[in-house]
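See below for the structure under consideration.
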Amino acid sequence: MIEDRQTDILILGSGGAGLFAALHVHQANAGLDITVASKGLLGKSGCTRMVQGGYNVALHKGDSVERHFMDTIEGGKWLPNQQLAWTLVTKAIERVQELENEIGCFFDRLPDGTLHGKAFAGQTFDRTVHKGDLTGIEIINRLMEQVWARPIKRLEEYRALALIPDATGKAVAGVLFLDMRSGQFCYVAAKAVLLATGGGPTMYRYHTPSGDKSVDGLAMALRFGLPLRDMEMVQFHPTGVLAGRNTRMTGTIIEEGLRGVGGYLLNGAKERFMFAYDERGERATRDIVSRSMFAEMRAGRTTPQGGLYISMGHLGPENVRRQFKGMVERCADCGFDLAGGLVEVVPTAHYLMGGVVCNVDTSTEVAGLYVAGEDAGGVHGANRLGGNGVANSTVFGGIAGETMSTDIAKGLDRRSKDAQALAAEVARAEMPFARKAGDLNGLRERLLDLMWEDVGIIRDEPGLNRALDALAQLEDELLATGVADSNRAFNLTWSDWLNLRSQIDISKVFAHAALKRENSRGAHFRSDFPDPGDLATSRFTIVRQRDRRLEVSDAPVEFTIVKPGQTLLKGQEAAE
Amino acid sequence: MSDVIAVSIWRGRGEGRYVDYEVPRLDSQTVLDVVTYVQRHLDPTLSYRFACRVGVCGSCAMTVNGRPRWTCRTHVEKVVADGRVEIGPLANLPVVKDLATDMTRFFEKWQQAKGAFTPSKTRHDKVAHIMPASPARVEVDKAIECINCGVCYAACDSVRWNPDYLGPAALNRAWTLVNDERDAGNKARLAAVAAAGGCHSCHTHQSCEQHCPQAINPTASIAGLKQRTLGAYWSGALT
Amino acid sequence: MTLRLYLLQRLTAALMVPLIVGHLATIIYATHHGVSAAEILGRTRGSLGWALFYGLFVLLAAMHASIGVRSVAADWTSLRGRPLTILMWGFGVLLLLLGARAIYAVVAS
Amino acid sequence: MSGLNQRLHTAGHRRDLFWVAAIVHRVSGILLACFLPIHFLVLGLAIERTAALDGFLKWTELPAVKIAEAGLVFLLAVHLLGGIRVLLIENLTWRPSQKRLATAAIGTAGVVALLFFLRAL
Ligand SMILES: Cc1cc2nc3c(=O)[nH]c(=O)nc-3n(C[C@H](O)[C@H](O)[C@H](O)COP(=O)(O)OP(=O)(O)OC[C@H]3O[C@@H](n4cnc5c(N)ncnc54)[C@H](O)[C@@H]3O)c2cc1C
Ligand code: HEM
Ligand code: SF4
Ligand code: F3S
Ligand code: FES
């Protein structure tokens with residue numbers, strides 16, 4: 001039995017992108033029926049909440065959108081879609097003002113009462129607006145209150161399973177859900193659907209995103225036939241906590257500021273090693289530090305748990321305790337003394353630059369389907385600047401809201417679903433109940449390790465091929481492994497199975513895209529092709545699924561605003 | 001020190017019982033890890049909720065040995081007593097299943113306390129100048145980092161005894177807005193928190209501030225509201 | 001509890017502080033110095049001052065305690081709405097009457 | 001409260017000093033509310049009935065009455081101090097020294113009451 005419902009606008013995900021979209025639809029047309037579905041509780045799941053550093057915006061005196069734009073393009077190694085990036089940096093200004101003036105976020109100020117902008121690596125201006133080092137809590141709590149305050153329907157702990165096409169197969173008719181609390185299926189028909197499930201590279205041994213994210217949105221899009229771009233671009237953060245395999249805390253971030261103020265990275269022999277890789281030492285950019293750490297680990301100079309150390313004691317434990325109170329407490333919860341002792345760290349998978357190919361107005365090649373936030377590709381290119389992530393989800397979430405209501409005003413209407421496709425998707429989700437229960441945890445552990453080793457920070461052709469074989473093997477095993485059908489209500493083990501399925505699907509896409517890119521740019525490093533290649537002829541990868549097969553291709557980056565070697569900054573500005 | 005922990009976990013909905021499990025003691029193990037271990041290795045149907053696993057989403061709160069806590073940031077060694085831990089759902093909220101509660105009422109009350117910002121400007125205006133050292137802003141900063149975990153709500157006997165009471169978290173949020181000079185809704189907000197079930201239903205048990213994992217002090221925020229509403233009443237702004 | 005009841009209860013509480021401290025002090029002083037009950041009654045009899053002192057105390061206590069009883073009953077019993085109000089008023093009036101009678105006995109008889 | 005979990009999962013907070021202080025305050029208030037009317041009643045009745053003062057005074061010497069009266073004073077002292085504590089928390093700017101304040105209040109109450117008990121008996 002599948003419960004049938006309908007709505008005008010269906011939003012998948014309640015992060016910055018999803019909630020902003022809901023608010024903007026409501027503002028554009030309060031008469032529309034809006035539904036936000038989320039795998040966790042509204043606003044309490046996903047990564048927008050986890051933002052620590054802050055939000056990039058060119059609002060400060062002396063800064064300019066051109067400068068923000070150039071930082072974004074250069075950070076992205078000339079791969080970003082320039083129209084998307086330009087929209088990001090220009091709209092961010094209005095968005096921050098909206099967050100402050102209408103939503104109620106209360107960002108930190110300078111003593112003169114104006115917004116404080118802090119320094120973030122890889123940027124030529126201190127433009128990151130923040131609330132302490134828990135900026136995400138401030139942003140998402142305020143958004144969530146505004147959504148609760150409006151007649152917006154919430155489907156909490158509703159897991160989207162599949163986008164269901166209409167009879168033509170060219171438009172989306174609705175979404176199949178699992179009501180996790182009851183274990184029942186539910187189909188929601190909608191005029192417009194927004195995909196905002198937040199990507200998230202959770203298939204790596206060490207990863208930062210929240211546990212509810214398992215690239216479901218990307219997997220659904222792939223299955224629907226949508227093109228995914230830049231999927232080889234997985235950002236790693238240098239300092240994830242390494243507290244062993246037995247704790248979910250492993251992989252979560254400890255702050256970059258620690259290296260910024262002069263923290264040391266040490267290898268297993270307690271020696272500093274960063275200067276052997278880069279003259280900036282610990283203060284090099286995220287990708288370089290991560291890569292150097294990984295190389296050091298591969299060389300076997302690790303701590304007992306297989307990682308490295310961060311050491312702050314030389315800065316004075318009292319100082320560290322005062323300046324990084326939250327981090328010191330967090331480490332203490334894993335049993336580490338950050339202020340005076342050594343904390344084991346590893347690079348950790350953080351963010352997906354890649355995602356669904358979309359237009360500046362968030363529309364996709366499928367009628368009725370829109371995409372925003374980390375699920376969307378093209379904004380960041382080969383690397384995301386710290387502080388551009390939440391800007392991306394809020395800017396484009398809002399735009400999606402406006403686009404969807406405009407399109408509905410122009411006549412976008414509900415389409416009737418392809419019932420066969422729906423039935424097939426239900427069968428796909430129920431599959432594990434027909435199999436004998438098995439060792440899901442073993443499968444997950446293998447996936448985490450294989451992605452970490454062969455599709456991680458340093459890649460090469462043999463490794464990627466090895467990974468593809470292993471992924472195919474894992475998929476076969478997963479499909480043969482069941483879940484006991486004793487109680488479907490709030491069944492997290494069933495959820496684990498479904499998560500693994502999405503993760504394996506998208507892991508394959510990573511590996512294919514990484515094989516395709518035979519050069520090294522930003523987050524993607526091929527030891528067999530270490531050079532960045534010619535910038536002027538840059539191409540981006542595209543992976544899509546047709547007839548159950550992955551098609552891998554690439555396309556030239558269009559330099560619509562600025563070409564490699566040029567800048568938008570005026571003479572003096574550029575010289576600074 | 002024994003190498004297993006005797007774990008008792010609540011199974012069921014409103015009606016239910018504690019079921020015993022044995023979980024190996026492991027390094028760096030949090031209470032959430034213990035619960036995860038049971039689901040992964042001992043009983044795949046165990047239900048619980050978590051998301052961020054680092055103390056920012058407020059999804060994972062449970063009752064651990066009689067006290068509400070965030071479980072992802074609670075090291076088991078800190079709570080294990082005589083080799084045992086008892087893990088139940090949060091109190092004062094209906095149980096969805098096992099360790100997961102339905103937080104709807106909690107958020108409805110947040111709205112009832114007018115816990116959403118009321119704008120006085122638009123996105124086309126400049127961001128307000130606010131002095132970071134101004135007393136009102138200092139008050140806001142003290143109370144703003146709430147993760148809406150519901151721990152205080154579960155610890156408060158006034159909530160338990162008076163289901164209409166809005167509770168510490170909602171009132172704490174209202175207090176931050178009362179001190180927000182950009183907000184235009186404070187007349188209605190003060191009326192809302194002064195109504196039956198509002199701040200005057202707090203009997204200063206202080207369990208909220210004792211248990212808040214973010215070291216927020218809702219007792220102080222509620223006291224602030226009590227003063228502010230009285231002031232408004234004297235001056236005739238509240239009737 | 002509503003704002004007005006809260007205000008009244010806290011106000012009466014604050015006003016009672018000096019009265020009760022005075023009352024307690026008298027009792028402690030009396031027992032400490034072996035003052036007999038007869039002497040005390042002798043002093044209070046016919047004294048308008050004492051009549052006012054205890055009168056005020058009884059009035060404040062009646063208001064304060066009746067509101068208190070109401071909030072405890074709201075928390076710890078299943079009473080809601082009107083019955084609570086009746087309980088509050090009933091208790092207040094009872095305390096007032098009995099108090100008045102006691103003062104009359106102590107001061108006037 | 002249908003729908004709420006019937007079992008009280010959370011009880012640890014009832015061992016906290018602050019919570020105990022609040023409950024002692026509440027219980028002393030209720031006990032006062034129970035005894036004060038009786039106290040008034042007895043006072044009024046006693047003086048009226050015995051007409052002559054002597055009878056009343058003899059009556060107040062009874063140990064049971066003495067203990068009851070002492071108990072009333074004890075409750076009054078405890079509730080007074082607890083009440084002042086609440087008024088301070090509610091009306092002063094919050095200071096972390098409250099914990100000590102609470103302890104001090106309850107402690108003093110105990111000492112005063114004890115003192116009185118000893119004298120009275
Ligand atoms: C620890 C950490 C720190 C970060 N710090 C910064 C920073 O300082 N600055 C910055 O700019 N960026 C930062 N980022 C990145 C930033 O958080 C993300 O880019 C951004 O929040 C993504 O927003 P989103 O709305 O796309 O997705 P999310 O906020 O992740 O939300 C995704 C939503 O989709 C839901 N969902 C997932 N799958 C399904 C499904 N199958 N069905 C229904 N719902 C589903 C989730 O439950 C969730 O509600 C950080 C990320 C992490 C993890
Ligand atoms: C100086 C004297 C007194 C002071 C300062 C005082 C103070 C207070 C305060 C502040 C409260 C509110 C507690 C709360 O809601 O958190 C209270 C409650 C109460 N008081 Fe008093 N009080 C005093 C005397 C009395 C007397 C004489 C009585 C009884 C006759 C009394 C009976 C009560 C009752 C029944 C409550 C309700 C308890 C509760 O709500 O928890 N009080 N008192
Ligand atoms: S005030 Fe503290 S305990 Fe209460 S919901 Fe907020 S963070 Fe949780
Ligand atoms: S525990 Fe409850 S009674 Fe008041 S001080 Fe906190 S809200
Ligand atoms: S899982 Fe997010 S607070 Fe514990």
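If you're wondering about the labels, chains in the structure tokens are A, B, ... by order shown, residues count from 1 in each chain, ligands from 1 in order shown.
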At a cut-off of 6 Å around ligand 4, and using only C-alpha atoms and all ligand atoms, what residues come up? Please write them as an mmCIF file with N, CA and C atoms, in the first residue's frame.
data_model
loop_
_atom_site.group_PDB
_atom_site.id
_atom_site.type_symbol
_atom_site.label_atom_id
_atom_site.label_comp_id
_atom_site.auth_asym_id
_atom_site.auth_seq_id
_atom_site.Cartn_x
_atom_site.Cartn_y
_atom_site.Cartn_z
ATOM 1 N N CYS B 156 13.224 19.435 32.936
ATOM 2 C CA CYS B 156 12.443 20.392 33.725
ATOM 3 C C CYS B 156 11.169 19.765 34.276
ATOM 4 N N ASP B 157 11.051 19.758 35.600
ATOM 5 C CA ASP B 157 9.848 19.203 36.202
ATOM 6 C C ASP B 157 8.644 20.128 36.029
ATOM 7 N N SER B 158 8.876 21.389 35.803
ATOM 8 C CA SER B 158 7.728 22.261 35.553
ATOM 9 C C SER B 158 7.067 21.887 34.227
ATOM 10 N N GLY B 167 8.408 25.978 28.513
ATOM 11 C CA GLY B 167 9.686 25.325 28.750
ATOM 12 C C GLY B 167 10.888 26.219 28.520
ATOM 13 N N PRO B 168 12.030 25.779 29.043
ATOM 14 C CA PRO B 168 13.227 26.617 29.077
ATOM 15 C C PRO B 168 13.775 27.013 27.701
ATOM 16 N N CYS B 202 7.608 29.025 35.278
ATOM 17 C CA CYS B 202 8.908 28.465 35.682
ATOM 18 C C CYS B 202 9.064 28.643 37.173
ATOM 19 N N HIS B 203 9.354 27.549 37.860
ATOM 20 C CA HIS B 203 9.516 27.629 39.304
ATOM 21 C C HIS B 203 10.975 27.521 39.723
ATOM 22 N N THR B 204 11.852 27.968 38.831
ATOM 23 C CA THR B 204 13.265 28.108 39.186
ATOM 24 C C THR B 204 13.886 26.818 39.717
ATOM 25 N N HIS B 205 13.641 25.726 39.009
ATOM 26 C CA HIS B 205 14.275 24.465 39.432
ATOM 27 C C HIS B 205 15.742 24.407 39.024
ATOM 28 N N GLN B 206 16.096 25.175 38.023
ATOM 29 C CA GLN B 206 17.482 25.252 37.537
ATOM 30 C C GLN B 206 18.028 23.949 36.951
ATOM 31 N N SER B 207 17.187 22.964 36.770
ATOM 32 C CA SER B 207 17.680 21.734 36.129
ATOM 33 C C SER B 207 18.093 22.040 34.693
ATOM 34 N N CYS B 208 17.426 22.994 34.078
ATOM 35 C CA CYS B 208 17.748 23.338 32.696
ATOM 36 C C CYS B 208 19.192 23.785 32.585
ATOM 37 N N THR B 219 17.610 29.476 33.054
ATOM 38 C CA THR B 219 17.036 30.044 34.274
ATOM 39 C C THR B 219 17.236 31.554 34.286
#
Using only C-alpha atoms, which residues sit within 10 Å of Leu80 (chain D) once same-chain residues fewer than 2 positions away are excluded, as a PyMOL selection string?
(chain C and resi 13-14+16-17+20-21) or (chain D and resi 25+28-29+74-78+82-86+105-106+109)
Compare B:Phe106, B:Thr122, B:Arg67, B:Ser221 by their minimum atom-to-atom distance to Arg15 (chain D), counting only C-alpha atoms, and give me the closest one.
B:Arg67
Which protein, DNA or RNA residues have an atom within 7 Å of ligand 5, counting only C-alpha atoms and all ligand atoms, as a list in words?
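The residues near ligand 5 are Phe50, Ala51, Cys52, Arg53, Val54, Gly55, Val56, Cys57, Gly58, Ser59, Cys60, Ala61, Trp70, Thr71, Cys72 and Arg73 of chain B.
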Based on the selection just made, write N, CA and C atoms of those residues as a tab-separated table (two decimals), in the first residue's frame.
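See again-v8.tsv below for the written result:
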chain	number	residue	atom	x	y	z
B	50	PHE	N	20.19	10.52	15.22
B	50	PHE	CA	21.39	11.35	15.31
B	50	PHE	C	21.59	11.96	13.93
B	51	ALA	N	22.44	12.97	13.85
B	51	ALA	CA	22.80	13.48	12.53
B	51	ALA	C	24.26	13.90	12.53
B	52	CYS	N	24.58	15.00	13.21
B	52	CYS	CA	25.91	15.59	13.02
B	52	CYS	C	27.04	14.81	13.67
B	53	ARG	N	26.77	14.12	14.74
B	53	ARG	CA	27.70	13.37	15.59
B	53	ARG	C	28.79	14.21	16.24
B	54	VAL	N	28.63	15.54	16.27
B	54	VAL	CA	29.59	16.39	16.98
B	54	VAL	C	28.94	17.48	17.82
B	55	GLY	N	27.70	17.28	18.24
B	55	GLY	CA	27.13	18.25	19.16
B	55	GLY	C	26.68	19.55	18.55
B	56	VAL	N	26.20	19.54	17.33
B	56	VAL	CA	25.62	20.78	16.81
B	56	VAL	C	24.15	20.66	16.37
B	57	CYS	N	23.69	19.44	16.11
B	57	CYS	CA	22.35	19.34	15.55
B	57	CYS	C	21.28	19.11	16.61
B	58	GLY	N	21.68	18.66	17.78
B	58	GLY	CA	20.71	18.42	18.83
B	58	GLY	C	19.69	17.36	18.47
B	59	SER	N	20.10	16.32	17.73
B	59	SER	CA	19.17	15.25	17.37
B	59	SER	C	19.30	14.04	18.27
B	60	CYS	N	20.42	13.93	18.97
B	60	CYS	CA	20.77	12.65	19.57
B	60	CYS	C	20.52	12.58	21.06
B	61	ALA	N	19.80	13.54	21.61
B	61	ALA	CA	19.63	13.56	23.06
B	61	ALA	C	18.82	12.37	23.55
B	70	TRP	N	23.32	14.98	25.48
B	70	TRP	CA	23.62	14.72	24.08
B	70	TRP	C	24.50	13.48	24.07
B	71	THR	N	24.14	12.48	23.30
B	71	THR	CA	24.87	11.22	23.42
B	71	THR	C	26.11	11.18	22.52
B	72	CYS	N	26.13	11.98	21.45
B	72	CYS	CA	27.29	11.93	20.56
B	72	CYS	C	28.51	12.57	21.19
B	73	ARG	N	28.29	13.39	22.21
B	73	ARG	CA	29.43	14.04	22.85
B	73	ARG	C	29.59	13.59	24.30
Nearest-residue call for chain D, choices C:Met1, C:Ala65, C:Ile86, C:Val107, using only C-alpha atoms:
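Distance minimum relative to chain D lands on C:Ala65.
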Once you count only C-alpha atoms, which residues of chain B turn out to be within 8 Å of chain C? Could you give them as a list in words?
Ser158, Trp161, Asn162, Ala194, Ala195, Ala196, Gly197, Gly198, His200, Ser201, Thr229 and Leu230 of chain B
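Counting only C-alpha atoms and comparing D:Thr108, D:Val73, D:Leu101, D:Ile89, the residue that lies closest to chain B is D:Ile89.
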Can you check which parts of chain B lie within 7 Å of ligand 3? Per residue, the shortest pair of atoms and distance in Å to one decimal, counting only C-alpha atoms and all ligand atoms, sorted by chain and number, as CSV.
residue,atom,partner,partner_atom_place_in_ligand_line,distance
B:Gly58,CA,ligand 3,8 (Fe),6.8
B:Glu145,CA,ligand 3,7 (S),6.9
B:Cys146,CA,ligand 3,6 (Fe),3.7
B:Ile147,CA,ligand 3,7 (S),4.4
B:Asn148,CA,ligand 3,5 (S),3.6
B:Cys149,CA,ligand 3,8 (Fe),4.1
B:Gly150,CA,ligand 3,5 (S),4.2
B:Val151,CA,ligand 3,3 (S),4.3
B:Cys152,CA,ligand 3,3 (S),4.0
B:Tyr153,CA,ligand 3,4 (Fe),6.3
B:Pro168,CA,ligand 3,4 (Fe),6.4
B:Ala169,CA,ligand 3,4 (Fe),4.6
B:Asn172,CA,ligand 3,1 (S),6.7
B:Cys208,CA,ligand 3,3 (S),6.4
B:His211,CA,ligand 3,3 (S),6.3
B:Cys212,CA,ligand 3,3 (S),3.6
B:Pro213,CA,ligand 3,2 (Fe),5.7
B:Gln214,CA,ligand 3,7 (S),5.1
B:Ala215,CA,ligand 3,2 (Fe),6.7
B:Ile216,CA,ligand 3,2 (Fe),5.4
B:Pro218,CA,ligand 3,1 (S),6.1
Which is closest to chain B among A:Ile504, A:Leu498, A:Val51, A:Ala162, if we use only C-alpha atoms?
A:Val51
Counting only C-alpha atoms, figure out which residue out of C:Arg82, C:Arg70, C:Arg10, C:Arg45 gets nearest to chain D.
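Smallest distance to chain D is found for C:Arg10.
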Counting only C-alpha atoms, what is within 10 Å of Glu282 (chain A), bar same-chain residues fewer than 5 positions away, as a CSV table (one decimal) with C-alpha atoms, in the first residue's frame?
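For reference, result-v2.csv as written:
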chain,number,residue,atom,x,y,z
A,238,PRO,CA,43.2,18.4,6.6
A,258,LEU,CA,44.5,25.8,14.8
A,259,ARG,CA,47.0,25.6,11.9
A,260,GLY,CA,46.4,29.2,11.2
A,261,VAL,CA,47.6,30.4,14.6
A,262,GLY,CA,50.7,28.2,14.4
A,263,GLY,CA,49.8,24.6,15.3
A,264,TYR,CA,52.2,21.9,14.3
A,265,LEU,CA,51.5,18.8,12.3
A,266,LEU,CA,53.7,15.9,13.4
A,272,ARG,CA,57.2,18.2,11.7
A,273,PHE,CA,57.0,17.2,8.1
A,274,MET,CA,55.0,19.9,6.2
A,275,PHE,CA,58.1,21.9,5.2
A,277,TYR,CA,56.2,19.3,1.0
A,288,ILE,CA,48.2,20.8,-0.3
A,289,VAL,CA,48.1,20.0,3.4
A,292,SER,CA,51.1,16.1,2.1
Of the listed residues B:Ala81, B:Ala232, B:Lys226, B:Ala192, that which approaches ligand 2 most closely, counting only C-alpha atoms and all ligand atoms
B:Lys226
What are the nearest atom pairs, with distances in Å to one decimal, for all residues of chain C that come at most 6 Å from chain D, using only C-alpha atoms, set out by chain and rising residue number as CSV?
residue,atom,partner,partner_atom,distance
C:Leu95,CA,D:Pro37,CA,5.7
C:Leu98,CA,D:Phe40,CA,5.6
C:Gly99,CA,D:Phe40,CA,5.4
C:Arg101,CA,D:Gly44,CA,5.9
C:Ala102,CA,D:Gly44,CA,4.2
C:Ala105,CA,D:Gly44,CA,5.3
Using all heavy atoms, can you export the residues from the last selection as an mmCIF file, in the first residue's frame?
data_model
loop_
_atom_site.group_PDB
_atom_site.id
_atom_site.type_symbol
_atom_site.label_atom_id
_atom_site.label_comp_id
_atom_site.auth_asym_id
_atom_site.auth_seq_id
_atom_site.Cartn_x
_atom_site.Cartn_y
_atom_site.Cartn_z
ATOM 1 N N LEU C 95 -8.182 31.591 55.125
ATOM 2 C CA LEU C 95 -7.024 32.039 55.885
ATOM 3 C C LEU C 95 -7.274 33.428 56.461
ATOM 4 O O LEU C 95 -6.942 33.714 57.619
ATOM 5 C CB LEU C 95 -5.798 32.061 54.967
ATOM 6 C CG LEU C 95 -4.459 31.820 55.637
ATOM 7 C CD1 LEU C 95 -4.457 30.478 56.340
ATOM 8 C CD2 LEU C 95 -3.345 31.866 54.598
ATOM 9 N N LEU C 98 -9.864 33.081 59.443
ATOM 10 C CA LEU C 98 -9.258 32.485 60.628
ATOM 11 C C LEU C 98 -8.208 33.426 61.215
ATOM 12 O O LEU C 98 -8.104 33.565 62.441
ATOM 13 C CB LEU C 98 -8.625 31.139 60.291
ATOM 14 C CG LEU C 98 -9.611 30.028 59.925
ATOM 15 C CD1 LEU C 98 -8.858 28.776 59.481
ATOM 16 C CD2 LEU C 98 -10.519 29.724 61.110
ATOM 17 N N GLY C 99 -7.463 34.071 60.368
ATOM 18 C CA GLY C 99 -6.430 34.996 60.817
ATOM 19 C C GLY C 99 -7.057 36.159 61.572
ATOM 20 O O GLY C 99 -6.588 36.553 62.646
ATOM 21 N N ARG C 101 -9.828 36.241 63.090
ATOM 22 C CA ARG C 101 -10.364 35.771 64.363
ATOM 23 C C ARG C 101 -9.242 35.646 65.400
ATOM 24 O O ARG C 101 -9.389 36.050 66.562
ATOM 25 C CB ARG C 101 -11.027 34.418 64.125
ATOM 26 C CG ARG C 101 -11.650 33.836 65.331
ATOM 27 C CD ARG C 101 -12.986 33.221 64.994
ATOM 28 N NE ARG C 101 -13.437 32.464 66.148
ATOM 29 C CZ ARG C 101 -13.046 31.210 66.362
ATOM 30 N NH1 ARG C 101 -12.249 30.604 65.506
ATOM 31 N NH2 ARG C 101 -13.461 30.587 67.445
ATOM 32 N N ALA C 102 -8.097 35.111 64.937
ATOM 33 C CA ALA C 102 -6.983 34.939 65.859
ATOM 34 C C ALA C 102 -6.474 36.290 66.345
ATOM 35 O O ALA C 102 -6.183 36.475 67.532
ATOM 36 C CB ALA C 102 -5.866 34.156 65.165
ATOM 37 N N ALA C 105 -8.720 37.633 68.879
ATOM 38 C CA ALA C 105 -8.547 36.957 70.160
ATOM 39 C C ALA C 105 -7.306 37.482 70.868
ATOM 40 O O ALA C 105 -7.320 37.717 72.080
ATOM 41 C CB ALA C 105 -8.424 35.452 69.934
#
Please return, as number ranges by chain, all residues of chain B that DSSP assigns to helix (DSSP H, G or I) on the basis of the backbone.
B: 31-42, 76-79, 104-112, 135-143, 151-155, 157-161, 168-178, 186-194, 199-201, 207-211, 218-234
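Within 12 Å of Val93 (chain C), once only C-alpha atoms are used and residues closer than 4 positions along the same chain are dropped, the contacting residues are Val58, Leu59, Leu60, Ala61, Ala62, Met63, His64, Ala65, Ser66, Ile67, Ile86, Leu87, Met88, Trp89, Leu97, Leu98, Gly99 and Ala100 of chain C; Pro37 of chain D.
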Expected selection as a ChimeraX atom specification for ligand 1 within 7 Å, only C-alpha atoms and all ligand atoms:
/A:12-18,37-40,42-56,158-161,196-199,208-210,212-217,252-253,350-351,372-375,386-393
Determine which residues of chain A sit within 7 Å of chain B, taking into account only C-alpha atoms, and present them as a PyMOL selection string.
chain A and resi 44-45+49-50+94+97-98+100-104+109-114+137+145-146+149+210-212+243+246-249+333-335+441+487+490-493
For region 117-124 of chain A, find every residue with an atom within 12 Å (counting only C-alpha atoms), except residues of its own chain fewer than 6 positions away, and show them as a ChimeraX atom specification.
/A:52-64,66-77,107-110,130-133,237,255-257,259-261,282-289,383-388,522,569,573-576
